[in-house]
Amino acid sequence: MAAGQRDYSKARLTRHALERFVGRFNVEPDSAESQLRDALARTRRLGRNPENEAVAVLAIHRGKVLVAILNASSCLTVLTWPQFEPRMPEFGRPRLPRKRGRMFRRLAGPRPDEIP
């Protein structure tokens, strides 16, 4: 795993998170759990909400940006990037991350262990 990336694929997926993933990312309900786990296997932390200890992480699914909100060891919900942007201050981000294009490319690119 590349520096700064985290694996949350073992997190407990709530029914709400799976329903939002299906609805927002056009995924078949039968394969939603495995596809969400694949996306959560390679994430980058965006911030933490000090009020409820929730953590926002960034992932890529089929070339689309996905933001998962986790608390303890559970994935509570899944948002698209436009849905998360207004909530960034809640997670300690007063503005967009610098060099976010590079961050997205690193998440979408080949894993360091896959490079020949």
# chains A, B, ... in the order shown; residues from 1 in each chain; ligands from 1

$ residues_around --residues "Pro82 in chain A" --least-positions-apart "4" --cutoff "10 Å" --atoms "only C-alpha atoms" --output "VMD selection string"
chain A and resid 65 to 67 86 to 87

$ residues_around --residues "Pro50 in chain A" --least-positions-apart "3" --cutoff "8 Å" --atoms "only C-alpha atoms" --output "list in words"
Glu53, Ala54 and Phe91 of chain A

$ write_last_selection --atoms "N, CA, C and O atoms" --output "PDB file, in the first residue's frame"
ATOM      1  N   GLU A  53     -16.526  11.702  16.448  1.00  0.00           N
ATOM      2  CA  GLU A  53     -15.393  10.812  16.146  1.00  0.00           C
ATOM      3  C   GLU A  53     -15.507  10.103  14.794  1.00  0.00           C
ATOM      4  O   GLU A  53     -14.788   9.150  14.533  1.00  0.00           O
ATOM      5  N   ALA A  54     -16.414  10.541  13.931  1.00  0.00           N
ATOM      6  CA  ALA A  54     -16.534   9.943  12.602  1.00  0.00           C
ATOM      7  C   ALA A  54     -15.339  10.369  11.745  1.00  0.00           C
ATOM      8  O   ALA A  54     -14.801  11.464  11.887  1.00  0.00           O
ATOM      9  N   PHE A  91     -15.424  18.069   9.180  1.00  0.00           N
ATOM     10  CA  PHE A  91     -14.344  17.092   9.290  1.00  0.00           C
ATOM     11  C   PHE A  91     -12.974  17.768   9.328  1.00  0.00           C
ATOM     12  O   PHE A  91     -11.957  17.165   8.980  1.00  0.00           O
TER      13      PHE A  91
END

$ residues_around --residues "Leu13 in chain A" --least-positions-apart "3" --cutoff "12 Å" --atoms "only C-alpha atoms" --output "ChimeraX atom specification"
/A:8-10,16-21,32-37,40,68-78

$ closest_residue --among "A:Gln5, A:Asn49, A:Thr14, A:Asn26" --to "Leu107 in chain A" --atoms "only C-alpha atoms"
A:Gln5

$ atom_distance --atom1 "CA of Arg93 in chain A" --atom2 "CA of Leu46 in chain A"
7.8 Å

$ closest_residue --among "A:Val27, A:Val57, A:Leu79, A:Val22" --to "Arg42 in chain A" --atoms "only C-alpha atoms"
A:Val57

$ atom_distance --atom1 "CA of Ser31 in chain A" --atom2 "CA of Thr80 in chain A"
18.9 Å

$ select_by_dssp --residues "range 33-97 of chain A" --states "strand (DSSP E)" --output "mmCIF file with C-alpha atoms, in the first residue's frame"
data_model
loop_
_atom_site.group_PDB
_atom_site.id
_atom_site.type_symbol
_atom_site.label_atom_id
_atom_site.label_comp_id
_atom_site.auth_asym_id
_atom_site.auth_seq_id
_atom_site.Cartn_x
_atom_site.Cartn_y
_atom_site.Cartn_z
ATOM 1 C CA THR A 43 -8.537 4.977 0.732
ATOM 2 C CA ARG A 44 -7.090 8.251 1.885
ATOM 3 C CA ARG A 45 -8.252 9.893 5.078
ATOM 4 C CA LEU A 46 -9.871 13.301 4.598
ATOM 5 C CA GLY A 47 -10.553 14.282 8.194
ATOM 6 C CA ARG A 48 -12.263 13.563 11.500
ATOM 7 C CA VAL A 55 -13.803 9.733 9.950
ATOM 8 C CA ALA A 56 -14.231 10.658 6.279
ATOM 9 C CA VAL A 57 -12.168 8.682 3.774
ATOM 10 C CA LEU A 58 -11.771 9.134 0.052
ATOM 11 C CA ALA A 59 -11.891 6.214 -2.378
ATOM 12 C CA ILE A 60 -12.379 5.642 -6.099
ATOM 13 C CA HIS A 61 -15.058 3.354 -7.549
ATOM 14 C CA LYS A 64 -15.814 8.086 -9.597
ATOM 15 C CA VAL A 65 -14.865 9.698 -6.300
ATOM 16 C CA LEU A 66 -16.502 8.120 -3.266
ATOM 17 C CA VAL A 67 -16.425 9.446 0.303
ATOM 18 C CA ALA A 68 -17.169 6.945 3.064
ATOM 19 C CA ILE A 69 -18.022 8.047 6.584
ATOM 20 C CA LEU A 70 -16.746 5.603 9.204
ATOM 21 C CA ASN A 71 -17.182 5.493 12.950
ATOM 22 C CA SER A 74 -18.358 0.618 10.814
ATOM 23 C CA CYS A 75 -19.004 2.296 7.482
ATOM 24 C CA LEU A 76 -22.053 4.458 8.195
ATOM 25 C CA THR A 77 -22.747 5.990 4.789
ATOM 26 C CA VAL A 78 -21.331 6.642 1.344
ATOM 27 C CA LEU A 79 -21.395 10.035 -0.383
ATOM 28 C CA THR A 80 -20.403 11.413 -3.752
#

$ select_by_dssp --residues "range 4-109 of chain A" --states "alpha helix (DSSP H)" --output "JSON, numbers by chain"
{"A": [15, 16, 17, 18, 19, 20, 21, 22, 23, 24, 25, 32, 33, 34, 35, 36, 37, 38, 39, 40, 81, 82, 83, 84, 100, 101, 102, 103, 104, 105, 106, 107, 108]}

$ write_last_selection --atoms "C-alpha atoms" --output "compact mmCIF listing (two decimals), in the first residue's frame"
# COMPACT_ATOMS: atom_id res chain seq x y z
CA ARG A 15 -27.36 -1.50 5.54
CA HIS A 16 -27.64 2.27 5.10
CA ALA A 17 -24.14 2.48 3.59
CA LEU A 18 -24.87 -0.37 1.16
CA GLU A 19 -28.21 1.19 0.13
CA ARG A 20 -26.54 4.56 -0.49
CA PHE A 21 -23.74 2.89 -2.44
CA VAL A 22 -26.26 1.11 -4.66
CA GLY A 23 -28.30 4.26 -5.23
CA ARG A 24 -25.48 6.75 -5.72
CA PHE A 25 -23.06 4.63 -7.72
CA ALA A 32 -22.65 -4.03 -3.65
CA GLU A 33 -20.86 -5.43 -0.60
CA SER A 34 -17.91 -6.84 -2.54
CA GLN A 35 -17.56 -3.72 -4.70
CA LEU A 36 -17.70 -1.38 -1.70
CA ARG A 37 -15.10 -3.50 0.12
CA ASP A 38 -12.87 -3.31 -2.98
CA ALA A 39 -13.18 0.49 -3.00
CA LEU A 40 -12.50 0.72 0.75
CA TRP A 81 -17.79 14.18 -3.78
CA PRO A 82 -20.38 16.98 -4.41
CA GLN A 83 -22.43 15.71 -1.46
CA PHE A 84 -19.39 15.76 0.83
CA ARG A 100 -6.49 16.90 -4.99
CA GLY A 101 -5.99 15.82 -8.61
CA ARG A 102 -2.77 14.08 -7.61
CA MET A 103 -4.52 12.47 -4.65
CA PHE A 104 -7.27 11.11 -6.94
CA ARG A 105 -4.71 9.82 -9.48
CA ARG A 106 -2.77 7.99 -6.77
CA LEU A 107 -5.92 6.28 -5.56
CA ALA A 108 -6.99 5.35 -9.10
